[in-house]
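Here is query07.csv, consisting of CSV, C-alpha atoms:
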chain,number,residue,atom,x,y,z
A,1,MET,CA,18.5,-9.0,19.4
A,2,ALA,CA,14.9,-8.0,19.6
A,3,ILE,CA,13.5,-11.3,20.7
A,4,THR,CA,13.2,-11.9,24.5
A,5,PRO,CA,15.0,-14.7,26.2
A,6,LEU,CA,11.6,-16.2,26.9
A,7,MET,CA,10.1,-17.0,23.6
A,8,PRO,CA,7.3,-14.3,23.2
A,9,VAL,CA,4.3,-16.6,22.7
A,10,TYR,CA,2.4,-15.3,25.8
A,11,PRO,CA,0.8,-11.9,26.2
A,12,ARG,CA,2.4,-11.5,29.6
A,13,CYS,CA,1.0,-8.7,31.7
A,14,GLY,CA,2.7,-6.5,34.3
A,15,VAL,CA,1.8,-8.9,37.2
A,16,ARG,CA,5.0,-10.6,38.3
A,17,PRO,CA,4.2,-12.9,41.2
A,18,VAL,CA,7.1,-14.0,43.5
A,19,ARG,CA,5.1,-15.6,46.3
A,20,GLY,CA,1.8,-17.2,47.1
A,21,GLU,CA,-0.2,-17.3,50.3
A,22,GLY,CA,-3.3,-19.4,50.3
A,23,CYS,CA,-5.7,-17.6,47.9
A,24,HIS,CA,-3.5,-14.6,47.3
A,25,LEU,CA,-0.5,-13.9,45.1
A,26,ILE,CA,2.2,-11.3,46.0
A,27,GLY,CA,4.0,-9.4,43.2
A,28,GLU,CA,7.7,-8.5,43.2
A,29,ARG,CA,6.8,-4.9,44.4
A,30,GLY,CA,4.9,-6.4,47.3
A,31,GLU,CA,1.4,-5.8,45.8
A,32,ARG,CA,-1.2,-8.3,46.7
A,33,TYR,CA,-3.8,-10.0,44.4
A,34,LEU,CA,-6.8,-12.1,45.1
A,35,ASP,CA,-6.1,-15.1,42.9
A,36,PHE,CA,-9.4,-16.3,41.4
A,37,ALA,CA,-7.6,-17.6,38.4
A,38,ALA,CA,-5.6,-20.2,40.3
A,39,GLY,CA,-3.1,-20.8,37.5
A,40,ILE,CA,-6.2,-21.4,35.3
A,41,ALA,CA,-7.8,-23.9,37.6
A,42,VAL,CA,-4.5,-25.5,38.6
A,43,ASN,CA,-3.9,-24.4,42.2
A,44,ALA,CA,-6.7,-26.4,43.7
A,45,LEU,CA,-5.4,-26.1,47.2
A,46,GLY,CA,-4.2,-22.5,46.8
A,47,HIS,CA,-0.6,-21.5,47.2
A,48,GLY,CA,1.8,-22.9,49.8
A,49,HIS,CA,-0.6,-25.6,51.1
A,50,PRO,CA,1.5,-27.2,53.9
A,51,HIS,CA,0.6,-30.8,53.1
A,52,LEU,CA,1.4,-30.5,49.4
A,53,THR,CA,4.6,-28.5,50.1
A,54,ARG,CA,5.8,-31.0,52.7
A,55,ALA,CA,5.1,-34.0,50.4
A,56,ILE,CA,7.1,-32.5,47.5
A,57,GLN,CA,9.9,-31.6,49.8
A,58,GLU,CA,10.2,-35.0,51.4
A,59,GLN,CA,10.0,-36.8,48.1
A,60,ALA,CA,12.6,-34.5,46.5
A,61,ALA,CA,14.9,-35.4,49.3
A,62,THR,CA,14.2,-39.2,48.9
A,63,LEU,CA,13.9,-40.0,45.2
A,64,MET,CA,13.1,-37.6,42.5
A,65,HIS,CA,13.2,-39.6,39.3
A,66,VAL,CA,13.9,-43.0,37.8
A,67,SER,CA,13.3,-44.3,34.4
A,68,ASN,CA,10.1,-46.1,33.5
A,69,LEU,CA,12.2,-49.1,32.8
A,70,TYR,CA,11.9,-49.9,36.5
A,71,GLY,CA,9.0,-50.7,38.8
A,72,SER,CA,7.1,-47.8,40.3
A,73,PRO,CA,5.6,-48.4,43.7
A,74,GLN,CA,4.8,-44.7,43.8
A,75,GLY,CA,2.9,-44.7,40.5
A,76,GLU,CA,1.1,-48.0,41.2
A,77,ALA,CA,-0.2,-46.5,44.5
A,78,LEU,CA,-1.5,-43.3,43.0
A,79,ALA,CA,-3.0,-45.1,40.0
A,80,GLN,CA,-4.8,-47.5,42.2
A,81,ARG,CA,-6.2,-44.6,44.3
A,82,ILE,CA,-7.5,-42.9,41.2
A,83,VAL,CA,-9.0,-46.1,39.9
A,84,ASP,CA,-10.7,-46.6,43.2
A,85,ASN,CA,-12.2,-43.2,42.9
A,86,SER,CA,-13.3,-43.1,39.2
A,87,PHE,CA,-14.8,-45.2,36.4
A,88,ALA,CA,-11.3,-46.3,35.2
A,89,ASP,CA,-9.4,-49.5,35.4
A,90,THR,CA,-6.0,-48.1,34.4
A,91,VAL,CA,-4.1,-44.8,34.3
A,92,PHE,CA,-1.2,-43.4,32.3
A,93,PHE,CA,0.5,-40.5,33.9
A,94,THR,CA,1.8,-37.5,31.9
A,95,ASN,CA,3.4,-34.1,32.6
A,96,SER,CA,0.5,-32.1,31.3
A,97,GLY,CA,-3.1,-32.0,30.0
A,98,VAL,CA,-2.2,-32.0,26.4
A,99,GLU,CA,0.0,-35.1,26.8
A,100,ALA,CA,-3.0,-36.7,28.4
A,101,ILE,CA,-5.1,-35.7,25.3
A,102,GLU,CA,-2.4,-37.2,23.0
A,103,CYS,CA,-2.6,-40.5,25.0
A,104,ALA,CA,-6.4,-40.5,24.8
A,105,ILE,CA,-6.4,-40.0,21.0
A,106,LYS,CA,-3.8,-42.8,20.6
A,107,THR,CA,-5.8,-45.1,23.0
A,108,ALA,CA,-9.0,-44.6,20.9
A,109,ARG,CA,-7.3,-45.4,17.6
A,110,ARG,CA,-5.5,-48.4,19.0
A,111,TYR,CA,-8.7,-49.7,20.4
A,112,HIS,CA,-10.3,-50.0,17.0
A,113,TYR,CA,-7.0,-51.2,15.5
A,114,ALA,CA,-6.8,-54.0,18.1
A,115,ASN,CA,-10.4,-54.9,17.2
A,116,GLY,CA,-9.5,-55.2,13.5
A,117,ASN,CA,-11.1,-51.9,12.5
A,118,PRO,CA,-8.2,-49.6,11.8
A,119,GLN,CA,-10.3,-47.5,9.5
A,120,ARG,CA,-12.2,-46.3,12.5
A,121,HIS,CA,-9.8,-43.5,13.3
A,122,LYS,CA,-11.8,-40.3,13.3
A,123,LEU,CA,-12.9,-38.5,16.4
A,124,ILE,CA,-15.9,-36.2,16.4
A,125,THR,CA,-15.0,-33.1,18.3
A,126,PHE,CA,-16.8,-29.8,19.1
A,127,LYS,CA,-16.6,-26.2,18.1
A,128,ASN,CA,-15.0,-23.8,20.6
A,129,ALA,CA,-13.2,-26.8,22.2
A,130,PHE,CA,-9.8,-26.4,23.7
A,131,HIS,CA,-7.7,-29.5,24.2
A,132,GLY,CA,-4.2,-28.0,24.4
A,133,ARG,CA,-1.6,-26.8,21.9
A,134,SER,CA,0.2,-29.9,20.6
A,135,LEU,CA,-0.3,-30.6,16.9
A,136,GLY,CA,-2.7,-33.4,17.8
A,137,ALA,CA,-4.7,-31.2,20.2
A,138,ILE,CA,-5.0,-28.3,17.8
A,139,SER,CA,-6.1,-30.7,15.1
A,140,ALA,CA,-9.0,-31.5,17.4
A,141,THR,CA,-10.3,-28.0,17.5
A,142,ASP,CA,-11.6,-25.7,14.8
A,143,GLN,CA,-10.4,-22.5,16.4
A,144,PRO,CA,-8.3,-20.5,13.9
A,145,LYS,CA,-6.4,-18.7,16.6
A,146,MET,CA,-4.8,-22.0,17.6
A,147,ARG,CA,-4.5,-23.5,14.1
A,148,ASP,CA,-3.3,-20.7,11.8
A,149,GLY,CA,0.2,-21.2,10.6
A,150,PHE,CA,0.6,-24.7,11.7
A,151,GLU,CA,-1.0,-26.7,8.9
A,152,PRO,CA,-1.0,-29.4,7.7
A,153,LEU,CA,-2.5,-30.7,10.9
A,154,LEU,CA,-3.4,-34.2,11.9
A,155,PRO,CA,-6.3,-35.7,9.9
A,156,GLY,CA,-9.1,-37.6,11.5
A,157,PHE,CA,-11.3,-35.0,13.2
A,158,THR,CA,-14.8,-33.8,12.5
A,159,TYR,CA,-16.1,-30.7,14.1
A,160,VAL,CA,-19.7,-30.3,15.3
A,161,ALA,CA,-21.5,-27.6,17.4
A,162,PHE,CA,-21.2,-28.2,21.1
A,163,ASN,CA,-24.5,-29.3,22.7
A,164,ASP,CA,-25.9,-30.2,19.2
A,165,LEU,CA,-26.7,-33.9,19.7
A,166,ALA,CA,-28.4,-34.3,16.4
A,167,GLY,CA,-25.4,-32.8,14.6
A,168,ALA,CA,-23.0,-35.2,16.5
A,169,LEU,CA,-25.1,-38.2,15.6
A,170,ALA,CA,-25.3,-37.2,12.0
A,171,ALA,CA,-21.5,-37.0,11.8
A,172,ILE,CA,-21.0,-40.6,12.6
A,173,ASP,CA,-19.8,-42.7,9.7
A,174,ASP,CA,-17.8,-45.9,9.1
A,175,GLU,CA,-14.5,-44.2,10.0
A,176,THR,CA,-15.7,-42.8,13.4
A,177,ALA,CA,-13.7,-43.9,16.5
A,178,GLY,CA,-15.7,-41.9,19.0
A,179,PHE,CA,-16.3,-38.5,20.5
A,180,LEU,CA,-13.8,-36.2,22.2
A,181,VAL,CA,-15.7,-33.6,24.3
A,182,GLU,CA,-15.2,-31.3,27.3
A,183,THR,CA,-17.8,-32.1,29.8
A,184,VAL,CA,-17.8,-28.4,30.6
A,185,GLN,CA,-16.1,-26.2,28.1
A,186,GLY,CA,-13.6,-23.9,29.8
A,187,GLU,CA,-11.6,-21.7,27.4
A,188,GLY,CA,-14.5,-21.9,24.9
A,189,GLY,CA,-16.9,-19.9,27.2
A,190,MET,CA,-17.6,-21.9,30.4
A,191,THR,CA,-20.5,-23.8,28.8
A,192,ALA,CA,-21.7,-27.0,30.5
A,193,GLY,CA,-22.8,-29.9,28.3
A,194,THR,CA,-26.6,-30.4,28.7
A,195,PRO,CA,-27.7,-33.7,30.2
A,196,GLU,CA,-29.4,-34.6,26.9
A,197,PHE,CA,-26.2,-33.9,25.0
A,198,ILE,CA,-23.7,-35.8,27.3
A,199,GLN,CA,-26.1,-38.7,27.9
A,200,GLY,CA,-26.9,-38.8,24.2
A,201,LEU,CA,-23.2,-39.1,23.3
A,202,ARG,CA,-22.9,-42.0,25.7
A,203,LYS,CA,-25.9,-43.8,24.3
A,204,ALA,CA,-24.6,-43.3,20.7
A,205,CYS,CA,-21.2,-44.8,21.7
A,206,ASP,CA,-23.0,-47.9,23.2
A,207,GLU,CA,-25.1,-48.3,20.1
A,208,HIS,CA,-22.3,-47.8,17.5
A,209,GLY,CA,-19.3,-49.4,19.3
A,210,LEU,CA,-17.6,-46.0,19.7
A,211,LEU,CA,-15.6,-44.6,22.5
A,212,LEU,CA,-16.6,-41.6,24.7
A,213,ILE,CA,-13.5,-39.5,25.6
A,214,LEU,CA,-14.2,-36.8,28.2
A,215,ASP,CA,-11.7,-34.0,28.5
A,216,GLU,CA,-11.9,-33.0,32.2
A,217,ILE,CA,-8.5,-31.3,32.3
A,218,GLN,CA,-10.2,-28.1,33.6
A,219,CYS,CA,-13.6,-29.3,34.9
A,220,GLY,CA,-12.5,-32.5,36.6
A,221,TYR,CA,-10.8,-33.2,39.9
A,222,GLY,CA,-13.2,-31.5,42.2
A,223,ARG,CA,-13.6,-28.3,40.3
A,224,THR,CA,-17.4,-28.7,39.8
A,225,GLY,CA,-18.1,-29.9,43.3
A,226,LYS,CA,-17.8,-33.6,42.4
A,227,MET,CA,-14.6,-35.5,41.9
A,228,TRP,CA,-15.4,-35.8,38.2
A,229,ALA,CA,-17.8,-33.6,36.2
A,230,TYR,CA,-19.3,-36.6,34.5
A,231,GLU,CA,-20.9,-37.6,37.8
A,232,HIS,CA,-23.4,-34.7,37.3
A,233,TYR,CA,-24.7,-36.6,34.3
A,234,GLY,CA,-25.1,-40.2,35.6
A,235,ILE,CA,-22.8,-41.7,32.9
A,236,THR,CA,-19.3,-42.9,32.7
A,237,PRO,CA,-16.8,-42.4,29.9
A,238,ASP,CA,-14.5,-44.9,28.3
A,239,ILE,CA,-11.5,-42.6,28.4
A,240,LEU,CA,-10.9,-39.4,30.4
A,241,THR,CA,-8.1,-36.8,30.5
A,242,ALA,CA,-7.2,-35.1,33.8
A,243,ALA,CA,-4.6,-32.5,34.7
A,244,LYS,CA,-4.5,-29.0,36.3
A,245,GLY,CA,-5.8,-29.7,39.8
A,246,ILE,CA,-4.4,-33.3,39.9
A,247,GLY,CA,-1.0,-31.9,40.8
A,248,GLY,CA,-2.1,-28.6,42.5
A,249,GLY,CA,0.7,-26.8,40.7
A,250,PHE,CA,3.2,-29.6,40.2
A,251,PRO,CA,3.2,-30.6,36.4
A,252,LEU,CA,1.0,-33.7,36.3
A,253,GLY,CA,-1.7,-35.1,34.1
A,254,ALA,CA,-3.3,-38.4,33.5
A,255,CYS,CA,-5.2,-40.4,30.9
A,256,LEU,CA,-7.7,-42.8,32.5
A,257,ALA,CA,-9.4,-45.6,30.7
A,258,THR,CA,-11.5,-48.7,31.1
A,259,GLU,CA,-9.7,-52.0,30.6
A,260,GLU,CA,-11.7,-52.5,27.4
A,261,ALA,CA,-10.8,-49.1,25.9
A,262,ALA,CA,-7.1,-49.6,26.8
A,263,LYS,CA,-6.9,-53.0,25.2
A,264,GLY,CA,-4.6,-51.8,22.4
A,265,MET,CA,-2.2,-49.9,24.6
A,266,VAL,CA,0.4,-52.7,25.1
A,267,VAL,CA,4.1,-52.5,25.7
A,268,GLY,CA,5.9,-50.2,23.3
A,269,THR,CA,2.8,-48.2,22.1
A,270,HIS,CA,3.3,-45.2,24.3
A,271,GLY,CA,5.7,-43.6,26.9
A,272,SER,CA,6.9,-40.6,28.7
A,273,THR,CA,10.3,-39.8,30.2
A,274,TYR,CA,9.0,-37.9,33.3
A,275,GLY,CA,5.3,-38.9,33.4
A,276,GLY,CA,4.6,-40.8,36.7
A,277,ASN,CA,8.0,-40.1,38.3
A,278,PRO,CA,8.1,-40.3,42.1
A,279,LEU,CA,8.0,-36.5,42.6
A,280,GLY,CA,4.8,-36.1,40.6
A,281,MET,CA,3.3,-39.1,42.3
A,282,ALA,CA,4.0,-37.6,45.8
A,283,ALA,CA,2.3,-34.4,44.7
A,284,GLY,CA,-0.7,-36.3,43.4
A,285,GLN,CA,-1.0,-38.3,46.6
A,286,ALA,CA,-1.0,-35.1,48.7
A,287,ILE,CA,-3.7,-33.6,46.5
A,288,LEU,CA,-5.9,-36.6,46.9
A,289,ASP,CA,-5.2,-36.8,50.7
A,290,VAL,CA,-6.9,-33.4,51.0
A,291,MET,CA,-9.5,-33.7,48.2
A,292,LEU,CA,-10.8,-37.1,49.5
A,293,GLU,CA,-11.2,-35.8,53.1
A,294,PRO,CA,-14.9,-36.1,54.2
A,295,GLY,CA,-16.6,-32.8,53.4
A,296,PHE,CA,-14.1,-31.4,51.0
A,297,LEU,CA,-16.2,-31.7,47.9
A,298,ASP,CA,-19.3,-30.6,49.9
A,299,HIS,CA,-17.3,-27.4,50.7
A,300,VAL,CA,-16.6,-26.9,47.0
A,301,THR,CA,-20.3,-27.2,46.2
A,302,LYS,CA,-21.2,-24.9,49.0
A,303,MET,CA,-18.7,-22.2,48.0
A,304,GLY,CA,-19.8,-22.6,44.4
A,305,GLU,CA,-23.4,-21.9,45.3
A,306,ARG,CA,-22.4,-18.9,47.5
A,307,LEU,CA,-20.3,-17.4,44.8
A,308,ARG,CA,-22.9,-17.9,42.1
A,309,ALA,CA,-25.6,-16.4,44.4
A,310,ALA,CA,-23.3,-13.4,45.1
A,311,PHE,CA,-22.8,-12.9,41.3
A,312,GLU,CA,-26.6,-13.2,40.8
A,313,GLN,CA,-27.1,-10.3,43.3
A,314,LEU,CA,-24.3,-8.3,41.6
A,315,ILE,CA,-25.5,-8.6,38.0
A,316,PRO,CA,-28.6,-6.4,38.3
A,317,ASN,CA,-26.5,-3.5,39.6
A,318,HIS,CA,-24.4,-3.6,36.4
A,319,ASP,CA,-26.8,-5.0,33.9
A,320,HIS,CA,-25.2,-2.9,31.2
A,321,LEU,CA,-22.1,-5.0,31.6
A,322,PHE,CA,-23.1,-8.5,32.6
A,323,GLU,CA,-25.4,-10.9,30.8
A,324,GLU,CA,-25.4,-14.3,32.5
A,325,ILE,CA,-23.5,-16.7,34.7
A,326,ARG,CA,-22.3,-20.0,33.4
A,327,GLY,CA,-20.5,-23.1,34.7
A,328,LYS,CA,-20.7,-25.4,37.6
A,329,GLY,CA,-19.3,-25.4,41.2
A,330,LEU,CA,-16.2,-23.3,41.4
A,331,MET,CA,-15.8,-23.2,37.6
A,332,LEU,CA,-17.9,-20.1,36.9
A,333,GLY,CA,-18.0,-17.6,34.1
A,334,ILE,CA,-19.8,-14.3,33.5
A,335,LYS,CA,-20.8,-13.4,30.0
A,336,MET,CA,-20.4,-9.7,29.3
A,337,LYS,CA,-22.6,-7.5,27.1
A,338,GLU,CA,-21.1,-5.7,24.2
A,339,PRO,CA,-19.4,-3.3,23.8
A,340,ALA,CA,-17.8,-4.5,27.0
A,341,VAL,CA,-14.9,-6.9,26.3
A,342,SER,CA,-14.1,-9.6,28.7
A,343,ARG,CA,-10.4,-9.6,28.0
A,344,ASP,CA,-10.3,-5.8,28.7
A,345,PHE,CA,-12.3,-6.3,31.9
A,346,VAL,CA,-10.0,-9.0,33.2
A,347,ALA,CA,-7.1,-6.6,32.7
A,348,HIS,CA,-9.0,-3.8,34.4
A,349,LEU,CA,-9.8,-6.0,37.4
A,350,ARG,CA,-6.2,-7.1,37.6
A,351,ASP,CA,-4.5,-3.8,37.2
A,352,ASN,CA,-6.8,-1.5,39.2
A,353,HIS,CA,-8.5,-3.8,41.7
A,354,GLY,CA,-6.1,-6.6,42.5
A,355,LEU,CA,-8.5,-9.3,41.4
A,356,LEU,CA,-7.2,-12.1,39.0
A,357,THR,CA,-9.6,-13.8,36.7
A,358,VAL,CA,-9.2,-15.3,33.2
A,359,ALA,CA,-10.8,-14.4,29.8
A,360,ALA,CA,-12.6,-17.0,27.8
A,361,GLY,CA,-14.4,-17.3,24.5
A,362,GLU,CA,-17.9,-15.9,23.8
A,363,ASN,CA,-17.0,-12.7,25.7
A,364,VAL,CA,-16.9,-14.5,29.1
A,365,PHE,CA,-14.5,-14.1,31.9
A,366,ARG,CA,-13.7,-17.1,34.1
A,367,VAL,CA,-13.7,-17.2,37.8
A,368,LEU,CA,-11.6,-20.2,39.0
A,369,PRO,CA,-10.6,-19.8,42.6
A,370,PRO,CA,-8.7,-22.3,44.7
A,371,LEU,CA,-11.1,-24.9,45.9
A,372,VAL,CA,-10.2,-24.1,49.5
A,373,ILE,CA,-11.7,-20.6,49.4
A,374,GLY,CA,-13.8,-19.4,52.4
A,375,GLU,CA,-16.6,-16.9,52.8
A,376,GLU,CA,-14.1,-14.1,53.3
A,377,HIS,CA,-12.6,-14.7,49.9
A,378,ILE,CA,-16.0,-14.5,48.2
A,379,ALA,CA,-16.7,-11.3,50.0
A,380,GLU,CA,-13.3,-9.9,48.9
A,381,CYS,CA,-14.0,-11.0,45.3
A,382,ILE,CA,-17.4,-9.3,45.2
A,383,GLU,CA,-16.0,-6.1,46.7
A,384,LYS,CA,-13.3,-6.0,44.1
A,385,LEU,CA,-15.6,-7.0,41.2
A,386,SER,CA,-18.2,-4.4,42.2
A,387,ALA,CA,-15.5,-1.7,42.3
A,388,GLY,CA,-14.2,-2.9,39.0
A,389,ALA,CA,-17.6,-2.8,37.4
A,390,ARG,CA,-18.2,0.8,38.7
A,391,SER,CA,-14.9,2.0,37.4
A,392,TYR,CA,-14.8,0.1,34.0
A,393,THR,CA,-15.6,2.1,30.9
A,394,PRO,CA,-16.5,-0.1,27.9
A,395,PRO,CA,-15.1,0.9,24.6
A,396,ALA,CA,-17.3,2.9,22.3
A,397,ALA,CA,-19.7,0.8,20.3
A,398,ALA,CA,-18.6,0.2,16.7
Output the file's structure as structure tokens, nothing else.
Amino acid sequence: MAITPLMPVYPRCGVRPVRGEGCHLIGERGERYLDFAAGIAVNALGHGHPHLTRAIQEQAATLMHVSNLYGSPQGEALAQRIVDNSFADTVFFTNSGVEAIECAIKTARRYHYANGNPQRHKLITFKNAFHGRSLGAISATDQPKMRDGFEPLLPGFTYVAFNDLAGALAAIDDETAGFLVETVQGEGGMTAGTPEFIQGLRKACDEHGLLLILDEIQCGYGRTGKMWAYEHYGITPDILTAAKGIGGGFPLGACLATEEAAKGMVVGTHGSTYGGNPLGMAAGQAILDVMLEPGFLDHVTKMGERLRAAFEQLIPNHDHLFEEIRGKGLMLGIKMKEPAVSRDFVAHLRDNHGLLTVAAGENVFRVLPPLVIGEEHIAECIEKLSAGARSYTPPAAA
């Protein structure tokens, strides 16, 4: 057989990690990498964090899983803690970000259904968005690379340019349920929503009875220096999706909502076999134990500013390669100048300089380190990035 035992849907590279230590990964040949990809913003506390590891070990030895037919003291405790530290009144736990997106879409539709307006089922979404790879999630994006070959997709989505408030407002009609938007686009190119755009969407929802759904799967949970990225904008959403950092590497996601937005989600409308099981809840509690410690988010902000400043110093030395810095906190991206190609540069850094980053849209490469990085990790990153920029040869211009 030609096909591999692992279905070949990923362009897997030659890096084959077998161990992690803090902000570094170690490959099967013993080679060491500075991990400024962090599982694409997942490993918020780095690798092998003792508190997270111990919590998972202890819970695994106590109670790993029970059906959602039973009461969940573990789930109730974590949900209450998230509610206490967000806009939300209620939380549905999932195994992943895309399941949180599915829950958010269903919650929005059920809200209008419960209000006697089932025709209001369309969500206005945004170009270059990435919400995951389920049929519902790829229906919410207009990117052909995720949609091709999977049609017919789920109807009920309208696509508008990101940060185009006028376009978003013009797309509202009698069937509109709300907006689904990444507060900071990740895969699409590390572009932050402008204050006018995010605040304008909130205002439009209030005026038209719509729901604002924020996808903070990548940009939430401390990644931008605040617990939630929406805090930068002085607004709150009606529904929010979280994942990645929420479990620090353990598969965990969540759909948060206000009581009003979740009014249609009654018994029997949704479910998950593993979502919210005791093992996931223990991981989630351990992450929050660390993330809510006084000074943790200040540290993220400080390290984000240091890393951005270091990039700003670096760019003029290689202005034939780098164009601009994007993002917030420790969710940063560098846009490359053509003919340089961000995906090629990521591979060059990885294979020749032991630095792991992630390619994104708009010829940007993402820098998503663990939130626990120190000055020494920033210095190591800049050293490797500088060396990579010096040794990288862009392809010939077309």
Just want the 12 Å neighbourhood of range 3-11 of chain A, counted on all atoms listed in the file, with same-chain residues fewer than 5 positions away dropped. Output as a list in words. Arg133, Met146, Arg343 and Ala347 of chain A
Would you save the residues from that selection as an mmCIF file, keeping the file's coordinate frame, using C-alpha atoms?
data_model
loop_
_atom_site.group_PDB
_atom_site.id
_atom_site.type_symbol
_atom_site.label_atom_id
_atom_site.label_comp_id
_atom_site.auth_asym_id
_atom_site.auth_seq_id
_atom_site.Cartn_x
_atom_site.Cartn_y
_atom_site.Cartn_z
ATOM 1 C CA ARG A 133 -1.600 -26.800 21.900
ATOM 2 C CA MET A 146 -4.800 -22.000 17.600
ATOM 3 C CA ARG A 343 -10.400 -9.600 28.000
ATOM 4 C CA ALA A 347 -7.100 -6.600 32.700
#
Go through range 279-328 of chain A residue by residue and, counting only C-alpha atoms, keep those with an atom at most 7 Å from range 248-256 of chain A; for each kept residue give the shortest atom pair and its distance in Å to one decimal, ordered by chain and increasing number, as JSON lines.
{"residue": "A:Gly280", "atom": "CA", "partner": "A:Leu252", "partner_atom": "CA", "distance": 6.2}
{"residue": "A:Ala283", "atom": "CA", "partner": "A:Phe250", "partner_atom": "CA", "distance": 6.6}
{"residue": "A:Ile287", "atom": "CA", "partner": "A:Gly248", "partner_atom": "CA", "distance": 6.6}
Shortest interatomic distance to Tyr274 in chain A - which of A:Gly30, A:Gly75, A:Pro17, A:Pro50, counting only C-alpha atoms: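 Nearest candidate to Tyr274 in chain A out of A:Gly30, A:Gly75, A:Pro17, A:Pro50: A:Gly75.
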Lys203 in chain A: which residues within 12 Å, counting all atoms listed in the file, same-chain residues fewer than 5 positions away excluded, as a list of chain:residue names?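 Surrounding residues, per the criterion: A:Leu165, A:Ala168, A:Leu169, A:Gly178, A:Phe179, A:Pro195, A:Glu196, A:Phe197, A:Ile198, A:His208, A:Gly209, A:Leu210, A:Leu211, A:Leu212, A:Gly234, A:Ile235, A:Thr236, A:Pro237.
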List as a tab-separated table every residue of range 300-370 of chain A that is in contact with range 33-38 of chain A, defined as an atom at most 10 Å from one of its atoms (using all atoms listed in the file), together with the nearest atom pair and the distance in Å rounded to one decimal, sorted by chain and then rising number.
residue	atom	partner	partner_atom	distance
A:Leu330	CA	A:Phe36	CA	9.8
A:Met331	CA	A:Ala37	CA	10.0
A:Arg350	CA	A:Tyr33	CA	7.8
A:Asp351	CA	A:Tyr33	CA	9.5
A:His353	CA	A:Tyr33	CA	8.2
A:Gly354	CA	A:Tyr33	CA	4.5
A:Leu355	CA	A:Leu34	CA	4.9
A:Leu356	CA	A:Asp35	CA	5.0
A:Thr357	CA	A:Ala37	CA	4.6
A:Val358	CA	A:Ala37	CA	5.9
A:Ala359	CA	A:Ala37	CA	9.7
A:Arg366	CA	A:Ala37	CA	7.5
A:Val367	CA	A:Phe36	CA	5.7
A:Leu368	CA	A:Ala37	CA	4.8
A:Pro369	CA	A:Phe36	CA	3.9
A:Pro370	CA	A:Ala38	CA	5.8
Output file for the residues above (C-alpha atoms, as a PDB file, in the coordinates of the input):
ATOM      1  CA  LEU A 330     -16.200 -23.300  41.400  1.00  0.00           C
ATOM      2  CA  MET A 331     -15.800 -23.200  37.600  1.00  0.00           C
ATOM      3  CA  ARG A 350      -6.200  -7.100  37.600  1.00  0.00           C
ATOM      4  CA  ASP A 351      -4.500  -3.800  37.200  1.00  0.00           C
ATOM      5  CA  HIS A 353      -8.500  -3.800  41.700  1.00  0.00           C
ATOM      6  CA  GLY A 354      -6.100  -6.600  42.500  1.00  0.00           C
ATOM      7  CA  LEU A 355      -8.500  -9.300  41.400  1.00  0.00           C
ATOM      8  CA  LEU A 356      -7.200 -12.100  39.000  1.00  0.00           C
ATOM      9  CA  THR A 357      -9.600 -13.800  36.700  1.00  0.00           C
ATOM     10  CA  VAL A 358      -9.200 -15.300  33.200  1.00  0.00           C
ATOM     11  CA  ALA A 359     -10.800 -14.400  29.800  1.00  0.00           C
ATOM     12  CA  ARG A 366     -13.700 -17.100  34.100  1.00  0.00           C
ATOM     13  CA  VAL A 367     -13.700 -17.200  37.800  1.00  0.00           C
ATOM     14  CA  LEU A 368     -11.600 -20.200  39.000  1.00  0.00           C
ATOM     15  CA  PRO A 369     -10.600 -19.800  42.600  1.00  0.00           C
ATOM     16  CA  PRO A 370      -8.700 -22.300  44.700  1.00  0.00           C
TER      17      PRO A 370
END
Closest to Thr90 in chain A among A:Leu78, A:Ile378, A:Leu153, A:Cys13, using all atoms listed in the file?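 Comparing A:Leu78, A:Ile378, A:Leu153, A:Cys13 against Thr90 in chain A, the winner is A:Leu78.
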Quote the spacing between CA of Leu288 in chain A and CA of Arg81 in chain A in Å to one decimal place.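 Between CA of Leu288 in chain A and CA of Arg81 in chain A the gap is 8.4 Å.
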Please identify all polymer residues within 12 Å of Gly220 in chain A, counting all atoms listed in the file, omitting same-chain residues fewer than 6 positions from it, and present them as a PyMOL selection string. chain A and resi 41-42+44+86+97+182-186+214+226-232+240-246+253-254+297+328-331
What is the CA of Lys106 in chain A to CA of Gly132 in chain A distance in Å?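 Going from CA of Lys106 in chain A over to CA of Gly132 in chain A covers 15.3 Å.
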Between A:Ala262, A:Leu371, A:Ala282, A:Val18, which residue has the minimum interatomic distance to Asp298 in chain A, considering only C-alpha atoms?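 Looking only at the distances to Asp298 in chain A, the closest residue turns out to be A:Leu371.
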CA of Glu187 in chain A to CA of Ala261 in chain A: how many Å, to one decimal?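 Result for CA of Glu187 in chain A versus CA of Ala261 in chain A: 27.5 Å, one decimal.
Minimum distance to Gly193 in chain A across A:Gly247, A:Gly327, A:Gly295, A:Pro118 (counting all atoms listed in the file) occurs at A:Gly327.
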Closest to Glu207 in chain A among A:Ala387, A:Ile382, A:Ile172, A:Ala396, using only C-alpha atoms?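 Closest candidate: A:Ile172.
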Taking into account all atoms listed in the file, which residue in the set A:Glu323, A:Asp289, A:Glu362, A:Glu375 is nearest to Lys302 in chain A? A:Glu375
What are the centre and edge lengths in Å, to one decimal, of the axis-aligned box around all listed atoms of range 78-94 of chain A with 6 Å added on each side, as AutoDock Vina command-line options?
--center_x -6.5 --center_y -43.5 --center_z 38.1 --size_x 28.6 --size_y 24.0 --size_z 24.4
Which residues are close to Val341 in chain A, i.e. within 10 Å by all atoms listed in the file, leaving aside same-chain residues fewer than 3 positions away? Reply as a PyMOL selection string. chain A and resi 321+335-338+344-346+359+362-365+394-395
